[in-house]
Amino acid sequence: MGCLMATTAPYGLEHYSAFQLRRVLERLREGLYDPLAVRLLTAHGEELDARLRQDLPDVEAGGGAHLCVCGPYGQGKSHTLAYLQEAALQQGYAVSAINLDPREAPLHQFRQVYRALLQGVTFPAKPAGAATYTSFIDAWSSWAKAHPLACEDRASALAALLPAEMPHVFKAILVALVQPTLEVAPQQRGLARYHDFRPREFSWTLRRALHGETIPVARLRAAL
């Protein structure tokens, strides 16, 4: 039995063309995933919603939860995951959905999995007229700008807002991304301490480091 997902399908069937509805049925019959089918028809939607209501508060509190969706080809695994993703977005959570491909993101290569997760982050829709986040860095920068900190040591204050369990290097990178670049007087630029000082490359260097790429220590230290 299917259920109408009211949070993502604000209109009835009459608001969709016959071609769109026919394509939904054909793709479902062939066992293929269809985004419109997720909006209009999802089996056991109430059970999935209940599972989300149970697990999402634990995630928000810093914990974790997992759900294993098993089934043969065409039984709705991708459909179910898409439903959960859309439901989480509707509740204000950022979501990242990736494919653990043995060639692009093998499970045993955590650096590649982490990079895929970060690049695949999707953010909830924002009110009409508001700019939509395009990446994790964009969301973090916007959040930091919207929360001015009235203190002299802004870097330490920003770092204190990040999760305590976050590795120090990631905290340092995130803080550096939203800090103004240090200005060096022309007469000091020839000093050895500023040998690797390349302000134009700082943003690029920090973004690469945050995405898990290997950056020479000297270059990363200068950007921090």
# chains A, B, ... in the order shown; residues from 1 in each chain; ligands from 1

call {"tool": "closest_atom_pairs", "arguments": {"of": "range 40-135 of chain A", "to": "range 159-170 of chain A", "cutoff": "12 Å", "atoms": "only C-alpha atoms", "output": "Markdown table"}}
result
| residue | atom | partner | partner_atom | distance |
| --- | --- | --- | --- | --- |
| A:Glu60 | CA | A:Pro163 | CA | 11.8 |
| A:Ala61 | CA | A:Pro163 | CA | 11.0 |
| A:Gly62 | CA | A:Pro163 | CA | 8.9 |
| A:Gly63 | CA | A:Glu165 | CA | 11.9 |

call {"tool": "write_last_selection", "arguments": {"atoms": "N, CA, C and O atoms", "output": "PDB file, in the first residue's frame"}}
result
ATOM      1  N   GLU A  60      21.204  14.515  16.041  1.00  0.00           N
ATOM      2  CA  GLU A  60      21.349  15.921  16.425  1.00  0.00           C
ATOM      3  C   GLU A  60      22.062  16.063  17.763  1.00  0.00           C
ATOM      4  O   GLU A  60      22.760  17.056  18.004  1.00  0.00           O
ATOM      5  N   ALA A  61      21.907  15.068  18.625  1.00  0.00           N
ATOM      6  CA  ALA A  61      22.555  15.107  19.935  1.00  0.00           C
ATOM      7  C   ALA A  61      24.000  14.637  19.880  1.00  0.00           C
ATOM      8  O   ALA A  61      24.659  14.553  20.915  1.00  0.00           O
ATOM      9  N   GLY A  62      24.496  14.338  18.678  1.00  0.00           N
ATOM     10  CA  GLY A  62      25.883  13.916  18.540  1.00  0.00           C
ATOM     11  C   GLY A  62      26.064  12.420  18.443  1.00  0.00           C
ATOM     12  O   GLY A  62      27.197  11.939  18.356  1.00  0.00           O
ATOM     13  N   GLY A  63      24.981  11.678  18.451  1.00  0.00           N
ATOM     14  CA  GLY A  63      25.075  10.228  18.337  1.00  0.00           C
ATOM     15  C   GLY A  63      25.005   9.788  16.887  1.00  0.00           C
ATOM     16  O   GLY A  63      25.338  10.540  15.975  1.00  0.00           O
TER      17      GLY A  63
END

call {"tool": "select_by_dssp", "arguments": {"residues": "range 3-216 of chain A", "states": "strand (DSSP E or B)", "output": "PyMOL selection string"}}
result
chain A and resi 3+42-43+95-96+121-122

call {"tool": "residues_around", "arguments": {"residues": "Val24 in chain A", "least_positions_apart": "4", "cutoff": "8 Å", "atoms": "only C-alpha atoms", "output": "PyMOL selection string"}}
result
chain A and resi 20+28+34+36-37

call {"tool": "closest_atom_pairs", "arguments": {"of": "range 128-175 of chain A", "to": "range 93-103 of chain A", "cutoff": "12 Å", "atoms": "only C-alpha atoms", "output": "Markdown table"}}
result
| residue | atom | partner | partner_atom | distance |
| --- | --- | --- | --- | --- |
| A:Tyr133 | CA | A:Ala94 | CA | 10.5 |
| A:Thr134 | CA | A:Ala94 | CA | 11.8 |
| A:Ser135 | CA | A:Ala94 | CA | 10.6 |
| A:Phe136 | CA | A:Ala94 | CA | 9.3 |
| A:Ala139 | CA | A:Ala94 | CA | 10.2 |

call {"tool": "write_last_selection", "arguments": {"atoms": "N, CA and C atoms", "output": "PDB file, in the first residue's frame"}}
result
ATOM      1  N   TYR A 133      22.609  27.510  -0.222  1.00  0.00           N
ATOM      2  CA  TYR A 133      23.983  27.069  -0.020  1.00  0.00           C
ATOM      3  C   TYR A 133      24.392  26.142  -1.166  1.00  0.00           C
ATOM      4  N   THR A 134      25.592  26.351  -1.669  1.00  0.00           N
ATOM      5  CA  THR A 134      26.090  25.525  -2.766  1.00  0.00           C
ATOM      6  C   THR A 134      27.091  24.477  -2.303  1.00  0.00           C
ATOM      7  N   SER A 135      27.595  24.611  -1.087  1.00  0.00           N
ATOM      8  CA  SER A 135      28.575  23.658  -0.579  1.00  0.00           C
ATOM      9  C   SER A 135      28.639  23.774   0.937  1.00  0.00           C
ATOM     10  N   PHE A 136      29.342  22.834   1.551  1.00  0.00           N
ATOM     11  CA  PHE A 136      29.528  22.885   2.999  1.00  0.00           C
ATOM     12  C   PHE A 136      30.286  24.144   3.406  1.00  0.00           C
ATOM     13  N   ALA A 139      28.014  27.118   3.334  1.00  0.00           N
ATOM     14  CA  ALA A 139      27.108  27.130   4.488  1.00  0.00           C
ATOM     15  C   ALA A 139      27.841  27.580   5.751  1.00  0.00           C
TER      16      ALA A 139
END

call {"tool": "atom_distance", "arguments": {"atom1": "CA of Pro72 in chain A", "atom2": "CA of Arg29 in chain A"}}
result
14.3 Å

call {"tool": "select_by_dssp", "arguments": {"residues": "range 17-221 of chain A", "states": "alpha helix (DSSP H)", "output": "PyMOL selection string"}}
result
chain A and resi 18-29+35-40+45-60+77-90+110-119+136-146+154-161+168-177+199-210+217-221

call {"tool": "residues_around", "arguments": {"residues": "range 201-208 of chain A", "least_positions_apart": "5", "cutoff": "12 Å", "atoms": "only C-alpha atoms", "output": "PyMOL selection string"}}
result
chain A and resi 115+118-119+135-138+141+169-182+196+213-224

call {"tool": "residues_around", "arguments": {"residues": "His66 in chain A", "least_positions_apart": "2", "cutoff": "9 Å", "atoms": "only C-alpha atoms", "output": "list in words"}}
result
Asp55, Gly64 and Cys68 of chain A

call {"tool": "closest_residue", "arguments": {"among": "A:Gly45, A:Pro57, A:Gly71, A:Pro35", "to": "Leu84 in chain A", "atoms": "only C-alpha atoms"}}
result
A:Gly45

call {"tool": "residues_around", "arguments": {"residues": "Ala105 in chain A", "least_positions_apart": "6", "cutoff": "7 Å", "atoms": "only C-alpha atoms", "output": "ChimeraX atom specification"}}
result
/A:112-113,116
